[in-house]
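Input: a single structure, listed below in structure tokens.
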Amino acid sequence: MTKDLTQGSPLRLIIGFAAPLLAGMLFQQLYNLVDTMIVGRFLGVTALAGVGATGSINFLVLGFCMGICSGFAIPVAQRFGAKEESRMREFAANGAWLCAAFGLVLTVLTVVYCRDILTIMDTPEDCFEEADAYIGTIFAGIPFMLLYNLLSSYLRSLGDSKTPLFFLILSSALNVALDLTLILVIPMGVRGAALATVISQGISGILCLVWIGLKVPILHITREEWRVRASRLRELCAYGVPMGLQYSITAIGSVILQVAVNSLGSLAVAAVTAGSRVLGFLACPFDALGSTMATYGAQNVGASRYERLNRGLFASTALGFIYSVAAFAIAWFFGPSLTRLFVNGDSGAQLIELSQQYMVTTVLFYPLLTLVNVFRFTIQGMGFSSFAILAGVMEMVARSVVGLMLVPRMGFIGAALGGPLAWAFADAFLVPAYFKCRRMLMARAHHLHVTGEAQAGVQPK
């Protein structure tokens with residue numbers, strides 16, 4: 001149930017590892033797609049706007065959770081690459097303790113202050129209650145989301161990207177059934193859509209836990225390995241917290257941009273919501289490449305195979321550029337038809353036109369998104385998670401500029417430029433940062449080699 005990414009063709013390994021990840025992410029997006037389709041078509045544009053108005057704060061909180069889970073898996077992957085199985089399990093155990101603590105604190109804070117957050121974000125009055133019902137339920141399910149993301153990250157750190165996919169397929173089917181039941185049969189409104197997502201993610205996490213217990217003996221943690229170790233907690237936090245903050249800092253800019261979009265009215269919010277759901281699907285290959293490079297980088301650094309880093313990064317970048325062309329064609333030719341999936345026939349052509357404008361503008365700059373994901377996650381896998389915070393700051397600044405300056409002057413088209421400008425700012429930092437990080441690793445390896453030879457009494461050449 002494990003896969004070694006330190007041997008063989010990087011391109012073949014990346015494609016083989018990323019393909020199940022991509023399928024899993026598509027099913028993950030199916031959660032959002034089904035929610036949005038049913039909400040928009042059966043509950044109306046106001047309900048759709050209520051769900052969409054929570055997108056940035058959703059990303060702010062849940063993005064932090066996903067970031068720390070991914071970060072906690074990096075030392076697990078590195079110890080797996082180094083063949084240090086007991087230390088690997090110690091990191092896995094202490095990562096679980098940290099996740100439990102973060103989950104408790106975040107759930108309490110977000111549920112208690114949910115309405116205050118929506119008020120600060122200037123959520124439109126006509127969709128405020130729908131937004132509160134939806135995001136409040138999502139926040140209450142944070143522990144279930146953490147359970148799945150942590151365990152699936154551990155499985156991927158061992159090279160297994162297929163098992164999480166199987167559980168997502170099953171839970172996605174359950175999500176569809178629950179959506180229909182909790183909205184159409186039991187009229188719970190947008191709260192039912194959120195509850196369906198929470199239950200589905202909870203089942204995915206439980207299935208991952210059962211699978212590890214039955215089929216992944218390398219992760220069977222002993223009582224001694226379960227012991228809380230301060231040194232492990234510090235190292236895990238050094239990886240996980242910067243990755244979580246990267247998402248949250250980025251999301252601060254998204255919140256500012258969301259406030260600007262909210263000021264344009266419910267129609268603009270609904271158009272961005274519908275367009276974002278389509279873009280969520282189109283961006284899945286970039287997310288899959290990023291997650292693949294995090295594991296690829298971590299395993300190869302753990303095995304001291306630094307020469308393979310450039311080869312893997314260039315292969316992933318080429319794949320992303322090729323896909324960007326296909327994604328633009330899909331958005332250009334099929335964007336309006338895809339938007340109609342989320343609205344009923346009475347919503348008018350204006351919403352579809354705005355959504356298409358938002359999608360095409362965003363997808364045009366997908367090569368920049370390729371660089372963001374590939375370079376950022378490679379750097380994180382190499383062990384330089386703190387650099388992710390700086391990249392997140394760059395994205396936050398860009399989105400803040402768009403929200404505070406471009407949207408008031410340019411209106412809706414200004415909002416569409418938020419993502420592309422954020423990617424450009426991040427790339428300006430990430431690309432040179434990668435090469436600096438690689439030089440630092442090579443220098444460190446050379447120093448250890450020379451020190452080792454000196455201690456062994458070998459004369460330097």
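Chain labels follow the order of the structure tokens: the first chain is A, the next B, and so on; residue numbering restarts at 1 in every chain, and ligands are counted from 1 in their shown order.
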
Practice prompt. Excluding Leu267 of chain A and any residue of its chain fewer than 5 positions from it, enumerate the residues within 8 Å of it, using only C-alpha atoms, and give them as an NGL selection string.
Written response: :A and (45 or 49 or 351)

Atoms kept (N, CA, C and O atoms) for selection, written as a tab-separated table (two decimals), in the first residue's frame:
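Produced file result-v3.tsv, reproduced below:
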```
chain	number	residue	atom	x	y	z
A	45	VAL	N	-31.76	31.99	-6.42
A	45	VAL	CA	-30.54	32.77	-6.51
A	45	VAL	C	-30.13	33.34	-5.16
A	45	VAL	O	-28.94	33.41	-4.84
A	49	ALA	N	-26.57	32.79	-3.52
A	49	ALA	CA	-25.71	33.89	-3.08
A	49	ALA	C	-25.30	33.71	-1.62
A	49	ALA	O	-24.18	34.04	-1.23
A	351	LEU	N	-26.76	36.82	-15.36
A	351	LEU	CA	-25.94	36.03	-14.45
A	351	LEU	C	-24.99	35.13	-15.23
A	351	LEU	O	-23.80	35.02	-14.89
```

Worksheet item: Near Gln356 of chain A, within 9 Å and counting only C-alpha atoms, which residues show up once chain neighbours fewer than 6 positions away are dropped, as an MDAnalysis selection string?
Response: chainID A and resid 271 275 331:332 335:336 339

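Compared by their closest atoms to Ser171 of chain A, and using only C-alpha atoms, the residues A:Gly24, A:Gly67, A:Gly392, A:Pro75 rank with A:Gly24 nearest.
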
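Going from atom CA of Asp116 of chain A to atom CA of Leu30 of chain A covers 29.5 Å.
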
Discussion item. List as an NGL selection string the protein and nucleic acid residues near segment 132-143 of chain A, meaning an atom at most 10 Å away when only C-alpha atoms are counted, but skip any in the same chain fewer than 6 places from it.
Written reply: :A and (47 or 50-55 or 57-58 or 61-62 or 65 or 99-104 or 106-119 or 123 or 149 or 188-199 or 201-202 or 205)

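Separating atom CA of Leu369 of chain A from atom CA of Gln78 of chain A is a distance of 26.2 Å.
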
Worksheet item: Between A:Ser337, A:Ser86, A:Thr295, A:Ser400, which is the closest to Ile221 of chain A once you count only C-alpha atoms?
Response: A:Ser86

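Close contacts of Ser248 of chain A, defined as residues with an atom at most 9 Å away when counting only C-alpha atoms, with chain neighbours fewer than 3 positions off set aside, comprise Phe59, Leu60, Val61, Leu62, Gly63, Phe64, Gly67, Met243, Gly244, Leu245, Ala251, Ile252, Gly253 and Gly392 of chain A.
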
Based on the selection just made, write N, CA and C atoms of those residues as a PDB file, in the first residue's frame.
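Generated file (selection_31.pdb):
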```
ATOM      1  N   PHE A  59     -12.761  29.275   3.000  1.00  0.00           N
ATOM      2  CA  PHE A  59     -11.380  29.022   2.604  1.00  0.00           C
ATOM      3  C   PHE A  59     -10.405  29.439   3.697  1.00  0.00           C
ATOM      4  N   LEU A  60     -10.725  30.527   4.390  1.00  0.00           N
ATOM      5  CA  LEU A  60      -9.853  31.025   5.455  1.00  0.00           C
ATOM      6  C   LEU A  60      -9.684  29.987   6.554  1.00  0.00           C
ATOM      7  N   VAL A  61     -10.779  29.395   7.000  1.00  0.00           N
ATOM      8  CA  VAL A  61     -10.741  28.460   8.126  1.00  0.00           C
ATOM      9  C   VAL A  61     -10.383  27.053   7.669  1.00  0.00           C
ATOM     10  N   LEU A  62     -11.122  26.528   6.678  1.00  0.00           N
ATOM     11  CA  LEU A  62     -10.874  25.152   6.250  1.00  0.00           C
ATOM     12  C   LEU A  62      -9.543  25.035   5.513  1.00  0.00           C
ATOM     13  N   GLY A  63      -9.122  26.114   4.846  1.00  0.00           N
ATOM     14  CA  GLY A  63      -7.814  26.093   4.204  1.00  0.00           C
ATOM     15  C   GLY A  63      -6.702  25.947   5.229  1.00  0.00           C
ATOM     16  N   PHE A  64      -6.840  26.605   6.374  1.00  0.00           N
ATOM     17  CA  PHE A  64      -5.862  26.440   7.447  1.00  0.00           C
ATOM     18  C   PHE A  64      -5.824  24.991   7.915  1.00  0.00           C
ATOM     19  N   GLY A  67      -4.147  22.890   5.331  1.00  0.00           N
ATOM     20  CA  GLY A  67      -2.722  23.201   5.284  1.00  0.00           C
ATOM     21  C   GLY A  67      -1.938  22.529   6.393  1.00  0.00           C
ATOM     22  N   MET A 243       2.182  26.138   6.662  1.00  0.00           N
ATOM     23  CA  MET A 243       1.335  25.761   5.526  1.00  0.00           C
ATOM     24  C   MET A 243      -0.109  26.167   5.772  1.00  0.00           C
ATOM     25  N   GLY A 244      -0.573  26.003   7.018  1.00  0.00           N
ATOM     26  CA  GLY A 244      -1.921  26.447   7.334  1.00  0.00           C
ATOM     27  C   GLY A 244      -2.061  27.953   7.237  1.00  0.00           C
ATOM     28  N   LEU A 245      -1.065  28.681   7.764  1.00  0.00           N
ATOM     29  CA  LEU A 245      -1.099  30.141   7.687  1.00  0.00           C
ATOM     30  C   LEU A 245      -1.018  30.638   6.252  1.00  0.00           C
ATOM     31  N   ALA A 251      -6.224  33.700   2.252  1.00  0.00           N
ATOM     32  CA  ALA A 251      -7.669  33.873   2.354  1.00  0.00           C
ATOM     33  C   ALA A 251      -8.059  35.235   2.901  1.00  0.00           C
ATOM     34  N   ILE A 252      -7.170  35.885   3.661  1.00  0.00           N
ATOM     35  CA  ILE A 252      -7.481  37.232   4.135  1.00  0.00           C
ATOM     36  C   ILE A 252      -7.708  38.153   2.940  1.00  0.00           C
ATOM     37  N   GLY A 253      -6.833  38.014   1.935  1.00  0.00           N
ATOM     38  CA  GLY A 253      -7.045  38.771   0.710  1.00  0.00           C
ATOM     39  C   GLY A 253      -8.344  38.386   0.029  1.00  0.00           C
ATOM     40  N   GLY A 392       2.053  33.332   0.547  1.00  0.00           N
ATOM     41  CA  GLY A 392       0.686  33.680   0.912  1.00  0.00           C
ATOM     42  C   GLY A 392       0.512  35.170   1.132  1.00  0.00           C
TER      43      GLY A 392
END
```

Item to complete: Excluding segment 372-382 of chain A and any residue of its chain fewer than 2 positions from it, enumerate the residues within 8 Å of it, using only C-alpha atoms, and give them as a ChimeraX atom specification.
Response: /A:71,74,239,243,286-287,289-291,293-299,301,313,316-317,368-370,384-385,387-388,391,423,426-427,430-431,434,437

Practice prompt. Pick out the residues sitting within 12 Å of Tyr323 of chain A, and hand them over as an MDAnalysis selection string; count only C-alpha atoms, and ignore anything fewer than 2 positions along from it in its own chain.
Written response: chainID A and resid 282:286 289 316:321 325:330 363:364 366:367 369:370

Fill in: Neighbour list for Asn262 of chain A as an MDAnalysis selection string, cut-off 9 Å, only C-alpha atoms, skip fewer than 2 positions in-chain
chainID A and resid 53 121:124 257:260 264:266 268:269

Okay, now the selection with N, CA and C atoms, as a PDB file, in the first residue's frame?
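Full text of result04.pdb as output:
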```pdb
ATOM      1  N   ALA A  53     -21.509  33.701  -0.619  1.00  0.00           N
ATOM      2  CA  ALA A  53     -20.979  34.775   0.227  1.00  0.00           C
ATOM      3  C   ALA A  53     -20.069  34.250   1.328  1.00  0.00           C
ATOM      4  N   MET A 121     -18.094  40.998   7.210  1.00  0.00           N
ATOM      5  CA  MET A 121     -17.869  40.827   5.779  1.00  0.00           C
ATOM      6  C   MET A 121     -18.913  41.531   4.920  1.00  0.00           C
ATOM      7  N   ASP A 122     -19.843  42.252   5.548  1.00  0.00           N
ATOM      8  CA  ASP A 122     -20.864  42.991   4.811  1.00  0.00           C
ATOM      9  C   ASP A 122     -21.678  42.056   3.915  1.00  0.00           C
ATOM     10  N   THR A 123     -22.059  40.906   4.464  1.00  0.00           N
ATOM     11  CA  THR A 123     -22.882  39.947   3.727  1.00  0.00           C
ATOM     12  C   THR A 123     -24.233  40.589   3.413  1.00  0.00           C
ATOM     13  N   PRO A 124     -24.686  40.518   2.156  1.00  0.00           N
ATOM     14  CA  PRO A 124     -25.970  41.151   1.797  1.00  0.00           C
ATOM     15  C   PRO A 124     -27.113  40.684   2.694  1.00  0.00           C
ATOM     16  N   LEU A 257     -11.530  40.687  -0.900  1.00  0.00           N
ATOM     17  CA  LEU A 257     -12.110  40.660  -2.241  1.00  0.00           C
ATOM     18  C   LEU A 257     -13.579  40.267  -2.184  1.00  0.00           C
ATOM     19  N   GLN A 258     -13.935  39.317  -1.299  1.00  0.00           N
ATOM     20  CA  GLN A 258     -15.328  38.899  -1.167  1.00  0.00           C
ATOM     21  C   GLN A 258     -16.200  40.055  -0.691  1.00  0.00           C
ATOM     22  N   VAL A 259     -15.674  40.839   0.234  1.00  0.00           N
ATOM     23  CA  VAL A 259     -16.426  42.009   0.705  1.00  0.00           C
ATOM     24  C   VAL A 259     -16.703  42.958  -0.456  1.00  0.00           C
ATOM     25  N   ALA A 260     -15.700  43.139  -1.318  1.00  0.00           N
ATOM     26  CA  ALA A 260     -15.890  44.015  -2.483  1.00  0.00           C
ATOM     27  C   ALA A 260     -16.939  43.446  -3.427  1.00  0.00           C
ATOM     28  N   LEU A 264     -21.272  44.552  -4.672  1.00  0.00           N
ATOM     29  CA  LEU A 264     -21.846  44.647  -6.014  1.00  0.00           C
ATOM     30  C   LEU A 264     -23.247  44.051  -6.088  1.00  0.00           C
ATOM     31  N   GLY A 265     -23.692  43.387  -5.009  1.00  0.00           N
ATOM     32  CA  GLY A 265     -25.047  42.855  -4.971  1.00  0.00           C
ATOM     33  C   GLY A 265     -25.115  41.345  -5.131  1.00  0.00           C
ATOM     34  N   SER A 266     -26.322  40.809  -4.886  1.00  0.00           N
ATOM     35  CA  SER A 266     -26.519  39.356  -4.891  1.00  0.00           C
ATOM     36  C   SER A 266     -26.276  38.739  -6.263  1.00  0.00           C
ATOM     37  N   ALA A 268     -24.079  39.617  -8.569  1.00  0.00           N
ATOM     38  CA  ALA A 268     -22.637  39.452  -8.755  1.00  0.00           C
ATOM     39  C   ALA A 268     -22.106  38.321  -7.887  1.00  0.00           C
ATOM     40  N   VAL A 269     -22.585  38.226  -6.646  1.00  0.00           N
ATOM     41  CA  VAL A 269     -22.152  37.152  -5.754  1.00  0.00           C
ATOM     42  C   VAL A 269     -22.540  35.804  -6.326  1.00  0.00           C
TER      43      VAL A 269
END
```
